[in-house]
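work28.cif (mmCIF, C-alpha atoms) appears below.
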data_work
#
loop_
_atom_site.label_atom_id
_atom_site.label_comp_id
_atom_site.auth_asym_id
_atom_site.auth_seq_id
_atom_site.Cartn_x
_atom_site.Cartn_y
_atom_site.Cartn_z
CA ASP A 1 9.01 -1.89 -65.70
CA PHE A 2 9.42 -4.94 -63.47
CA PHE A 3 6.70 -6.89 -65.26
CA ASP A 4 8.61 -6.51 -68.52
CA LEU A 5 11.13 -8.95 -67.05
CA LEU A 6 8.52 -11.73 -66.88
CA ASP A 7 7.38 -14.09 -69.62
CA LEU A 8 3.69 -13.37 -69.27
CA GLU A 9 2.86 -15.85 -72.04
CA ARG A 10 3.46 -18.70 -69.61
CA PRO A 11 0.05 -20.30 -68.88
CA GLU A 12 0.59 -20.19 -65.13
CA LEU A 13 0.95 -16.39 -65.30
CA LYS A 14 -2.26 -15.72 -67.26
CA GLU A 15 -3.92 -13.98 -64.31
CA VAL A 16 -0.86 -11.79 -63.84
CA LYS A 17 -0.91 -10.97 -67.56
CA ALA A 18 -4.57 -9.98 -67.36
CA ALA A 19 -3.84 -7.51 -64.56
CA VAL A 20 -0.79 -6.14 -66.42
CA THR A 21 -2.87 -5.69 -69.58
CA GLN A 22 -5.28 -3.59 -67.52
CA LYS A 23 -2.28 -1.72 -66.05
CA ASN A 24 -3.64 -2.61 -62.64
CA TRP A 25 -0.21 -2.85 -61.02
CA PRO A 26 -1.33 -3.52 -57.42
CA LEU A 27 -3.51 -6.41 -58.62
CA ALA A 28 -0.68 -7.73 -60.80
CA ALA A 29 1.71 -7.70 -57.84
CA ASP A 30 -0.78 -9.35 -55.49
CA THR A 31 -1.57 -12.01 -58.09
CA LEU A 32 2.11 -12.69 -58.55
CA LEU A 33 2.50 -13.07 -54.79
CA THR A 34 -0.32 -15.61 -54.73
CA TYR A 35 1.40 -17.51 -57.54
CA TYR A 36 4.78 -17.60 -55.81
CA ARG A 37 3.21 -18.66 -52.53
CA ARG A 38 2.06 -21.76 -54.40
CA VAL A 39 5.49 -22.25 -55.99
CA PHE A 40 7.38 -21.88 -52.72
CA ASN A 41 5.08 -23.91 -50.53
CA PHE A 42 8.13 -24.80 -48.47
CA ASP A 43 7.69 -27.20 -45.57
CA ALA A 44 9.91 -25.39 -43.10
CA CYS A 45 7.93 -26.96 -40.26
CA SER A 46 10.23 -29.95 -40.46
CA THR A 47 13.20 -27.73 -39.65
CA ARG A 48 14.23 -26.50 -36.24
CA LEU A 49 15.73 -23.21 -35.16
CA SER A 50 19.33 -23.76 -34.12
CA SER A 51 20.99 -21.78 -31.37
CA VAL A 52 23.50 -20.51 -33.94
CA ASP A 53 20.77 -19.10 -36.18
CA ARG A 54 19.02 -17.48 -33.22
CA ALA A 55 22.25 -15.89 -32.01
CA ARG A 56 23.04 -14.53 -35.50
CA ALA A 57 19.54 -13.12 -35.81
CA ASP A 58 19.74 -11.40 -32.43
CA LEU A 59 23.09 -9.86 -33.37
CA ALA A 60 21.67 -8.72 -36.73
CA LEU A 61 18.89 -6.85 -34.92
CA ARG A 62 21.62 -4.80 -33.26
CA HIS A 63 23.49 -4.44 -36.58
CA TYR A 64 26.40 -6.65 -35.61
CA PHE A 65 27.34 -8.51 -38.80
CA LYS A 66 29.89 -11.06 -39.92
CA GLY A 67 32.60 -10.51 -42.48
CA ASN A 68 35.14 -13.28 -42.92
CA LYS A 69 35.48 -15.96 -40.27
CA SER A 70 38.70 -14.58 -38.82
CA TYR A 71 36.76 -11.84 -37.01
CA PRO A 72 33.71 -11.69 -34.74
CA GLU A 73 30.51 -9.87 -35.69
CA THR A 74 31.16 -6.15 -35.98
CA TYR A 75 28.84 -3.18 -35.39
CA ARG A 76 27.90 -1.33 -38.59
CA GLY A 77 25.83 1.57 -37.28
CA VAL A 78 22.15 2.38 -36.68
CA LYS A 79 21.91 3.23 -40.38
CA ILE A 80 23.92 0.34 -41.79
CA ASP A 81 27.28 1.28 -43.28
CA TRP A 82 27.66 -0.99 -46.29
CA LEU A 83 30.84 0.58 -47.67
CA SER A 84 33.42 1.52 -45.04
CA LYS A 85 36.03 -0.81 -43.59
CA ALA A 86 34.93 -2.38 -40.33
CA LYS A 87 36.46 -1.58 -36.96
CA LEU A 88 37.32 -4.04 -34.22
CA ASN A 89 38.32 -2.64 -30.83
CA GLY A 90 38.75 0.78 -32.42
CA GLU A 91 41.13 -0.50 -35.12
CA LEU A 92 40.29 -0.74 -38.83
CA ILE A 93 40.15 -4.25 -40.24
CA GLU A 94 42.50 -4.00 -43.21
CA ASP A 95 41.84 -7.56 -44.39
CA LYS A 96 40.15 -6.99 -47.78
CA GLU A 97 38.34 -10.31 -47.46
CA TRP A 98 36.19 -8.82 -44.69
CA LEU A 99 34.24 -6.56 -47.04
CA PHE A 100 33.89 -9.27 -49.69
CA GLN A 101 32.29 -11.70 -47.27
CA TYR A 102 30.28 -9.00 -45.49
CA HIS A 103 28.53 -8.38 -48.81
CA ARG A 104 27.42 -12.00 -49.03
CA LEU A 105 24.80 -11.18 -46.35
CA THR A 106 25.23 -14.60 -44.76
CA TRP A 107 23.00 -13.76 -41.77
CA TRP A 108 19.84 -13.29 -43.85
CA PRO A 109 18.73 -16.95 -43.62
CA SER A 110 19.13 -16.75 -39.83
CA LEU A 111 16.79 -13.74 -39.66
CA ALA A 112 14.30 -15.55 -41.90
CA LYS A 113 14.40 -18.81 -39.96
CA THR A 114 14.02 -17.00 -36.65
CA TYR A 115 11.01 -15.08 -37.93
CA PHE A 116 9.45 -18.30 -39.22
CA HIS A 117 9.88 -20.15 -35.94
CA THR A 118 9.02 -17.30 -33.55
CA ASN A 119 6.57 -15.26 -35.65
CA ASP A 120 8.23 -12.22 -34.09
CA LYS A 121 7.79 -9.39 -36.59
CA LYS A 122 10.97 -7.59 -35.56
CA PHE A 123 13.09 -10.21 -37.36
CA PHE A 124 11.11 -9.79 -40.56
CA ASN A 125 11.26 -6.00 -40.28
CA GLU A 126 15.03 -6.10 -39.91
CA TRP A 127 15.46 -8.39 -42.92
CA ARG A 128 13.16 -6.23 -45.04
CA TYR A 129 14.89 -3.02 -43.93
CA GLU A 130 18.26 -4.46 -44.95
CA LEU A 131 16.94 -5.63 -48.34
CA PHE A 132 15.49 -2.20 -49.15
CA SER A 133 18.54 -0.38 -47.80
CA TYR A 134 20.88 -2.49 -49.91
CA ALA A 135 18.79 -2.21 -53.07
CA GLN A 136 18.33 1.56 -52.77
CA GLN A 137 22.08 2.08 -52.40
CA PHE A 138 23.46 -0.37 -54.96
CA PHE A 139 20.90 -1.25 -57.65
CA PRO A 140 21.07 -1.22 -60.54
CA MET A 141 24.72 -2.22 -60.32
CA GLY A 142 27.16 -0.74 -62.78
CA ASN A 143 30.89 -0.63 -63.44
CA ASP A 144 31.21 2.15 -60.89
CA SER A 145 29.82 -0.06 -58.10
CA PRO A 146 32.45 -1.25 -55.60
CA TRP A 147 34.15 -4.46 -56.71
CA PHE A 148 33.72 -6.06 -53.30
CA MET A 149 29.95 -6.07 -53.78
CA ARG A 150 29.56 -6.65 -57.54
CA ARG A 151 32.00 -9.53 -57.94
CA GLY A 152 30.24 -12.68 -59.16
CA MET A 153 31.00 -14.65 -56.00
CA GLU A 154 29.21 -12.09 -53.85
CA CYS A 155 26.23 -11.75 -56.22
CA GLU A 156 25.84 -15.53 -56.29
CA SER A 157 26.05 -15.77 -52.51
CA ARG A 158 23.51 -12.98 -51.98
CA ASN A 159 21.09 -14.61 -54.40
CA ARG A 160 21.47 -17.95 -52.62
CA ASN A 161 20.87 -16.38 -49.21
CA LEU A 162 17.94 -14.40 -50.61
CA LEU A 163 16.32 -17.55 -52.02
CA THR A 164 16.78 -19.40 -48.73
CA SER A 165 15.20 -16.47 -46.90
CA LEU A 166 12.30 -16.29 -49.34
CA LYS A 167 11.28 -19.87 -48.63
CA TYR A 168 10.95 -19.11 -44.93
CA LEU A 169 9.29 -15.72 -45.31
CA ILE A 170 6.91 -15.79 -48.25
CA GLN A 171 4.05 -17.51 -46.42
CA GLY A 172 4.19 -15.01 -43.56
CA ALA A 173 1.45 -12.44 -43.07
CA ASP A 174 4.03 -9.64 -43.07
CA PHE A 175 5.45 -10.55 -46.48
CA ASP A 176 3.72 -8.30 -48.99
CA ALA A 177 3.73 -7.90 -52.76
CA SER A 178 6.16 -4.97 -52.79
CA THR A 179 8.70 -7.09 -50.93
CA LEU A 180 8.27 -9.91 -53.44
CA LEU A 181 8.86 -7.55 -56.38
CA LEU A 182 12.08 -6.34 -54.80
CA VAL A 183 13.24 -9.91 -54.10
CA LEU A 184 12.64 -10.86 -57.74
CA TYR A 185 14.17 -7.67 -59.10
CA THR A 186 17.23 -8.18 -56.90
CA THR A 187 17.63 -11.77 -58.05
CA HIS A 188 17.32 -10.78 -61.71
CA SER A 189 19.68 -7.82 -61.35
CA GLN A 190 22.36 -9.85 -59.59
CA THR A 191 22.12 -12.72 -62.06
CA GLU A 192 22.71 -10.33 -64.94
CA ALA A 193 25.55 -8.75 -62.97
CA ILE A 194 27.28 -12.15 -62.62
CA ARG A 195 27.21 -12.59 -66.38
CA ARG A 196 29.05 -9.29 -66.85
CA VAL A 197 31.90 -10.22 -64.51
CA TYR A 198 32.41 -13.98 -64.91
CA ALA A 199 35.66 -15.07 -63.26
CA GLU A 200 38.28 -16.34 -65.69
CA LYS A 201 38.71 -19.79 -64.13
CA GLY A 202 38.71 -21.87 -60.98
CA ASN A 203 36.10 -22.30 -58.28
CA HIS A 204 34.97 -18.68 -58.67
CA LEU A 205 33.92 -19.33 -62.28
CA LEU A 206 32.14 -22.52 -61.25
CA ALA A 207 30.31 -20.65 -58.48
CA ASP A 208 29.37 -17.84 -60.88
CA LEU A 209 27.87 -20.30 -63.35
CA ASP A 210 26.17 -22.20 -60.55
CA GLY A 211 24.51 -18.95 -59.48
CA VAL A 212 23.19 -18.25 -62.98
CA LEU A 213 21.98 -21.85 -63.31
CA SER A 214 20.17 -21.63 -59.97
CA SER A 215 18.34 -18.47 -61.03
CA ALA A 216 17.35 -20.05 -64.34
CA LEU A 217 15.92 -23.14 -62.66
CA GLN A 218 14.29 -21.47 -59.66
CA PHE A 219 12.74 -18.62 -61.66
CA PRO A 220 11.74 -19.89 -65.12
CA GLU A 221 9.17 -17.08 -65.17
CA PHE A 222 11.86 -14.59 -66.22
CA LYS A 223 12.23 -13.99 -69.97
CA LYS A 224 15.98 -14.33 -69.52
CA SER A 225 15.84 -17.75 -67.84
CA LYS A 226 16.22 -19.75 -71.08
CA GLU A 227 19.17 -17.57 -72.09
CA TRP A 228 20.76 -18.07 -68.66
CA LEU A 229 20.27 -21.82 -68.86
CA ASP A 230 21.70 -22.13 -72.37
CA GLU A 231 24.75 -20.07 -71.43
CA VAL A 232 25.57 -22.24 -68.44
CA LEU A 233 25.02 -25.48 -70.36
CA GLN A 234 27.43 -24.25 -73.00
CA LYS A 235 30.17 -23.21 -70.57
CA TYR A 236 30.01 -25.54 -67.58
CA PRO A 237 30.63 -29.10 -68.84
CA ASN A 238 33.98 -28.23 -70.41
CA LEU A 239 35.29 -27.03 -67.07
CA ILE A 240 35.53 -30.54 -65.65
CA LEU A 241 38.40 -31.02 -68.12
CA SER A 242 39.99 -27.56 -67.92
CA GLU A 243 39.80 -27.17 -64.12
CA ILE A 244 40.64 -30.74 -63.05
CA TYR A 245 43.82 -32.74 -63.64
CA SER A 246 43.49 -36.24 -65.08
CA ASP A 247 44.17 -37.70 -61.62
CA GLY A 248 41.19 -35.81 -60.18
CA MET A 249 43.04 -33.00 -58.38
CA ASN A 250 41.86 -29.42 -58.91
CA ARG A 251 44.26 -27.17 -60.80
CA GLU A 252 44.28 -24.67 -57.96
CA LEU A 253 46.17 -27.39 -56.04
CA ILE A 254 44.35 -26.59 -52.82
CA PHE A 255 43.55 -29.77 -50.93
CA SER A 256 40.69 -28.23 -48.95
CA TYR A 257 38.97 -27.38 -52.26
CA HIS A 258 38.91 -31.01 -53.40
CA THR A 259 35.49 -31.93 -52.03
CA MET A 260 34.18 -28.48 -52.98
CA TYR A 261 34.93 -29.16 -56.65
CA ILE A 262 33.30 -32.59 -56.40
CA SER A 263 30.25 -30.98 -54.79
CA LEU A 264 29.99 -28.26 -57.46
CA PHE A 265 30.15 -30.71 -60.37
CA SER A 266 27.78 -33.16 -58.67
CA LYS A 267 25.28 -30.38 -57.94
CA PHE A 268 25.47 -29.18 -61.54
CA TYR A 269 24.86 -32.72 -62.86
#
Kindly present the structure from the file in C-alpha cells form.
Amino acid sequence: DFFDLLDLERPELKEVKAAVTQKNWPLAADTLLTYYRRVFNFDACSTRLSSVDRARADLALRHYFKGNKSYPETYRGVKIDWLSKAKLNGELIEDKEWLFQYHRLTWWPSLAKTYFHTNDKKFFNEWRYELFSYAQQFFPMGNDSPWFMRRGMECESRNRNLLTSLKYLIQGADFDASTLLLVLYTTHSQTEAIRRVYAEKGNHLLADLDGVLSSALQFPEFKKSKEWLDEVLQKYPNLILSEIYSDGMNRELIFSYHTMYISLFSKFY
C-alpha cells in the first residue's frame, strides 16, 4: 500500500518500479533506501554536537521529555505515555500548552545528532522506538484523534523534526528500509492531516502552509506533491496582504511575532 503513494513513473524511481512490478517488496524498500541515501547525502560532518543536544538526548533515553518552555523535562514512563497530562513534583501540569508542545517531539533532532556524532546505537534505538510507538498509536490520524496531536502546528513541527533527524540518520548502518518506509509514511500522513485542519488565519495558518510546502519540495516522489505545491501557491501569497497591516505590523499585534512573520514570508519566497 505504501508504494501506491509514490509516483513510480519518475525516471529516478525506475528501479523501485521494477521491484514493485515484481511485487518484490523487500527489494523495492531496499532500492528506495539506496535512492534516498543519494538524495539526503547530508554533510553533517561540518556540524558539531552541542552540549544542549547531548543533554536532551541523554534525558530522552530516560524518557524525560520537554513540553512547553515553562517547565523542565518530565518523566513519561518506561512505556511512553503520549496522552496523559504530565506531572511535576507529583502535581498535574494543567497548562494545556504542555501537551501541544510535547507532541512536537522537539528532542528528536538531538537524538539523531548524538547518534551521528557518537555512533552509539542506543540513541538510534530510542529514536526508532519512539517513531514506531507514536505511529502505532496515532496513525492514520482521524477526527477522533486528540486535538493536541493532530493540530496543523504540531503535525508541521513533527514533520520538520523528522526531516532533520532523517538527514543525520539515513546514512547510518542501523537505519534500515522498514524505518525509511515509516518515516515517509509518517511525513505523508501528517502532511495530509495538516490540509484537513488548516488554521483560519495568523501565524498558525502560515506555519501549516509552510509545512505542506516543505513536504512538497523535499519529497517530490509522492504523487500528492504537485497537488500540495499548487495548493500552497494558491493560498500563501495573498496572506501577506490579509495578515499584515500596510505599515508592516502583523494583525495579531504581537511584537515578538514581527520577525517571525518576516522569516516565514522570506522563507516561502
Exercise for the section: Take the PyMOL selection byres ((chain A and resi 128) around 10), apply it to the structure above, and return the hits as number ranges by chain. Expected result: A: 108, 111-112, 122-127, 129-134, 174-175, 179, 182-183
Distance table requested - segment 85-186 of chain A against segment 17-27 of chain A, cut-off 12 Å, only C-alpha atoms: one row per qualifying residue with the closest atom pair and its distance in Å to one decimal, ordered by chain and rising residue number, as a tab-separated table.
residue	atom	partner	partner_atom	distance
A:Asp176	CA	A:Pro26	CA	10.9
A:Ala177	CA	A:Pro26	CA	8.2
A:Ser178	CA	A:Pro26	CA	8.9
A:Leu181	CA	A:Pro26	CA	11.0
Given the PyMOL selection byres ((chain A and resi 210-215) around 7), the residues it picks as a PDB file with C-alpha atoms, keeping the file's coordinate frame:
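Result file is part-v1.pdb:
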ATOM      1  CA  GLU A 156      25.840 -15.530 -56.290  1.00  0.00           C
ATOM      2  CA  THR A 191      22.120 -12.720 -62.060  1.00  0.00           C
ATOM      3  CA  LEU A 206      32.140 -22.520 -61.250  1.00  0.00           C
ATOM      4  CA  ALA A 207      30.310 -20.650 -58.480  1.00  0.00           C
ATOM      5  CA  ASP A 208      29.370 -17.840 -60.880  1.00  0.00           C
ATOM      6  CA  LEU A 209      27.870 -20.300 -63.350  1.00  0.00           C
ATOM      7  CA  ALA A 216      17.350 -20.050 -64.340  1.00  0.00           C
ATOM      8  CA  LEU A 217      15.920 -23.140 -62.660  1.00  0.00           C
ATOM      9  CA  GLN A 218      14.290 -21.470 -59.660  1.00  0.00           C
ATOM     10  CA  PHE A 219      12.740 -18.620 -61.660  1.00  0.00           C
ATOM     11  CA  TRP A 228      20.760 -18.070 -68.660  1.00  0.00           C
ATOM     12  CA  LEU A 229      20.270 -21.820 -68.860  1.00  0.00           C
ATOM     13  CA  VAL A 232      25.570 -22.240 -68.440  1.00  0.00           C
TER      14      VAL A 232
END
Handout entry: the PyMOL selection byres ((chain A and resi 53-56) around 9) applied to the shown file, residues as a list in words
Key =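 Here the PyMOL selection byres ((chain A and resi 53-56) around 9) matches Leu49, Ser50, Ser51, Val52, Ala57, Asp58, Leu59, Ala60, Leu61, Tyr64, Phe65, Lys66, Glu73, Trp107, Pro109, Ser110, Leu111, Lys113 and Thr114 of chain A.
Compared by their closest atoms to Asn89 of chain A, and using only C-alpha atoms, the residues A:Arg37, A:Pro72, A:Cys155, A:Ser263 rank with A:Pro72 nearest.
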Exercise for the section: Compare A:Leu184, A:Leu241, A:Ala135, A:Leu205 by their minimum atom-to-atom distance to Pro220 of chain A, counting only C-alpha atoms, and give me the closest one. Expected result: A:Leu184
Exercise for the section: Give me, please, the distance in Å between atom CA of Ile170 of chain A and atom CA of Tyr115 of chain A, quoted to one decimal. Expected result: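 For atom CA of Ile170 of chain A relative to atom CA of Tyr115 of chain A, the distance reads 11.1 Å.
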Practice task
One decimal, Å: what's the distance from atom CA of Arg104 of chain A over to atom CA of Asp7 of chain A, could you say?
Solution key: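 Interatomic distance, atom CA of Arg104 of chain A to atom CA of Asp7 of chain A: 28.8 Å.
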Exercise for the section: May I have the protein, DNA and RNA residues with any atom at most 6 Å from the point (28.1, -3.3, -34.3), counting only C-alpha atoms, written as JSON, numbers by chain? Expected result: {"A": [63, 64, 74, 75, 76]}
Practice task
May I ask which of the residues A:Met149, A:Leu83, A:Ile254, A:Glu221 is the closest one to Lys14 of chain A, counting only C-alpha atoms?
Solution key: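 Of the candidates, the smallest distance to Lys14 of chain A is held by A:Glu221.
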Problem - Selected residue of minimal separation from Leu162 of chain A among A:Asn41, A:His204, A:Met260, A:Tyr185, counting all atoms listed in the file - result: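 Using all atoms listed in the file, Leu162 of chain A sits closest to A:Tyr185.
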Please extract segment 61-126 of chain A and write it out with C-alpha atoms, as a PDB file, in the first residue's frame.
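Saved the output as part-v1.pdb:
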ATOM      1  CA  LEU A  61      16.974   7.904  26.808  1.00  0.00           C
ATOM      2  CA  ARG A  62      15.437   8.028  30.286  1.00  0.00           C
ATOM      3  CA  HIS A  63      12.099   9.230  28.850  1.00  0.00           C
ATOM      4  CA  TYR A  64      12.318  12.723  30.276  1.00  0.00           C
ATOM      5  CA  PHE A  65      10.769  14.973  27.625  1.00  0.00           C
ATOM      6  CA  LYS A  66      10.032  18.650  27.134  1.00  0.00           C
ATOM      7  CA  GLY A  67       6.609  20.198  26.797  1.00  0.00           C
ATOM      8  CA  ASN A  68       6.433  23.978  26.738  1.00  0.00           C
ATOM      9  CA  LYS A  69       9.387  26.018  27.927  1.00  0.00           C
ATOM     10  CA  SER A  70       7.814  26.980  31.245  1.00  0.00           C
ATOM     11  CA  TYR A  71       8.556  23.514  32.649  1.00  0.00           C
ATOM     12  CA  PRO A  72      11.602  21.235  32.849  1.00  0.00           C
ATOM     13  CA  GLU A  73      11.758  17.843  31.144  1.00  0.00           C
ATOM     14  CA  THR A  74       9.208  15.490  32.667  1.00  0.00           C
ATOM     15  CA  TYR A  75       9.255  11.697  33.034  1.00  0.00           C
ATOM     16  CA  ARG A  76       6.720   9.926  30.798  1.00  0.00           C
ATOM     17  CA  GLY A  77       7.129   6.291  31.816  1.00  0.00           C
ATOM     18  CA  VAL A  78       9.076   3.230  30.660  1.00  0.00           C
ATOM     19  CA  LYS A  79       6.385   2.712  28.028  1.00  0.00           C
ATOM     20  CA  ILE A  80       5.944   6.303  26.903  1.00  0.00           C
ATOM     21  CA  ASP A  81       2.645   7.913  27.871  1.00  0.00           C
ATOM     22  CA  TRP A  82       1.739  10.093  24.909  1.00  0.00           C
ATOM     23  CA  LEU A  83      -1.731  11.093  26.111  1.00  0.00           C
ATOM     24  CA  SER A  84      -1.967  11.886  29.818  1.00  0.00           C
ATOM     25  CA  LYS A  85      -1.205  15.230  31.411  1.00  0.00           C
ATOM     26  CA  ALA A  86       2.326  15.452  32.739  1.00  0.00           C
ATOM     27  CA  LYS A  87       3.215  15.604  36.415  1.00  0.00           C
ATOM     28  CA  LEU A  88       5.823  17.807  38.025  1.00  0.00           C
ATOM     29  CA  ASN A  89       6.698  17.155  41.670  1.00  0.00           C
ATOM     30  CA  GLY A  90       3.596  14.992  41.970  1.00  0.00           C
ATOM     31  CA  GLU A  91       1.256  17.704  40.663  1.00  0.00           C
ATOM     32  CA  LEU A  92      -0.530  17.614  37.301  1.00  0.00           C
ATOM     33  CA  ILE A  93       0.544  20.265  34.820  1.00  0.00           C
ATOM     34  CA  GLU A  94      -2.776  21.842  33.867  1.00  0.00           C
ATOM     35  CA  ASP A  95      -1.253  24.175  31.277  1.00  0.00           C
ATOM     36  CA  LYS A  96      -2.808  22.893  28.022  1.00  0.00           C
ATOM     37  CA  GLU A  97       0.179  24.177  26.065  1.00  0.00           C
ATOM     38  CA  TRP A  98       2.324  21.441  27.621  1.00  0.00           C
ATOM     39  CA  LEU A  99       0.670  18.645  25.665  1.00  0.00           C
ATOM     40  CA  PHE A 100       0.618  20.648  22.427  1.00  0.00           C
ATOM     41  CA  GLN A 101       4.359  21.248  22.523  1.00  0.00           C
ATOM     42  CA  TYR A 102       5.138  17.773  23.857  1.00  0.00           C
ATOM     43  CA  HIS A 103       3.636  16.404  20.645  1.00  0.00           C
ATOM     44  CA  ARG A 104       6.060  18.415  18.526  1.00  0.00           C
ATOM     45  CA  LEU A 105       8.766  15.886  19.519  1.00  0.00           C
ATOM     46  CA  THR A 106      11.386  18.619  19.659  1.00  0.00           C
ATOM     47  CA  TRP A 107      14.072  16.310  21.106  1.00  0.00           C
ATOM     48  CA  TRP A 108      14.216  14.034  18.042  1.00  0.00           C
ATOM     49  CA  PRO A 109      16.943  16.043  16.257  1.00  0.00           C
ATOM     50  CA  SER A 110      19.043  15.874  19.430  1.00  0.00           C
ATOM     51  CA  LEU A 111      18.803  12.073  19.483  1.00  0.00           C
ATOM     52  CA  ALA A 112      19.703  11.961  15.786  1.00  0.00           C
ATOM     53  CA  LYS A 113      22.652  14.336  16.093  1.00  0.00           C
ATOM     54  CA  THR A 114      24.001  12.479  19.109  1.00  0.00           C
ATOM     55  CA  TYR A 115      23.793   9.161  17.284  1.00  0.00           C
ATOM     56  CA  PHE A 116      25.564  10.661  14.265  1.00  0.00           C
ATOM     57  CA  HIS A 117      28.427  12.086  16.292  1.00  0.00           C
ATOM     58  CA  THR A 118      28.881   9.202  18.754  1.00  0.00           C
ATOM     59  CA  ASN A 119      27.777   6.220  16.640  1.00  0.00           C
ATOM     60  CA  ASP A 120      26.233   4.899  19.849  1.00  0.00           C
ATOM     61  CA  LYS A 121      23.347   2.667  18.782  1.00  0.00           C
ATOM     62  CA  LYS A 122      21.295   3.326  21.915  1.00  0.00           C
ATOM     63  CA  PHE A 123      20.401   6.819  20.648  1.00  0.00           C
ATOM     64  CA  PHE A 124      19.205   5.446  17.325  1.00  0.00           C
ATOM     65  CA  ASN A 125      17.256   2.668  19.047  1.00  0.00           C
ATOM     66  CA  GLU A 126      15.488   5.188  21.263  1.00  0.00           C
TER      67      GLU A 126
END
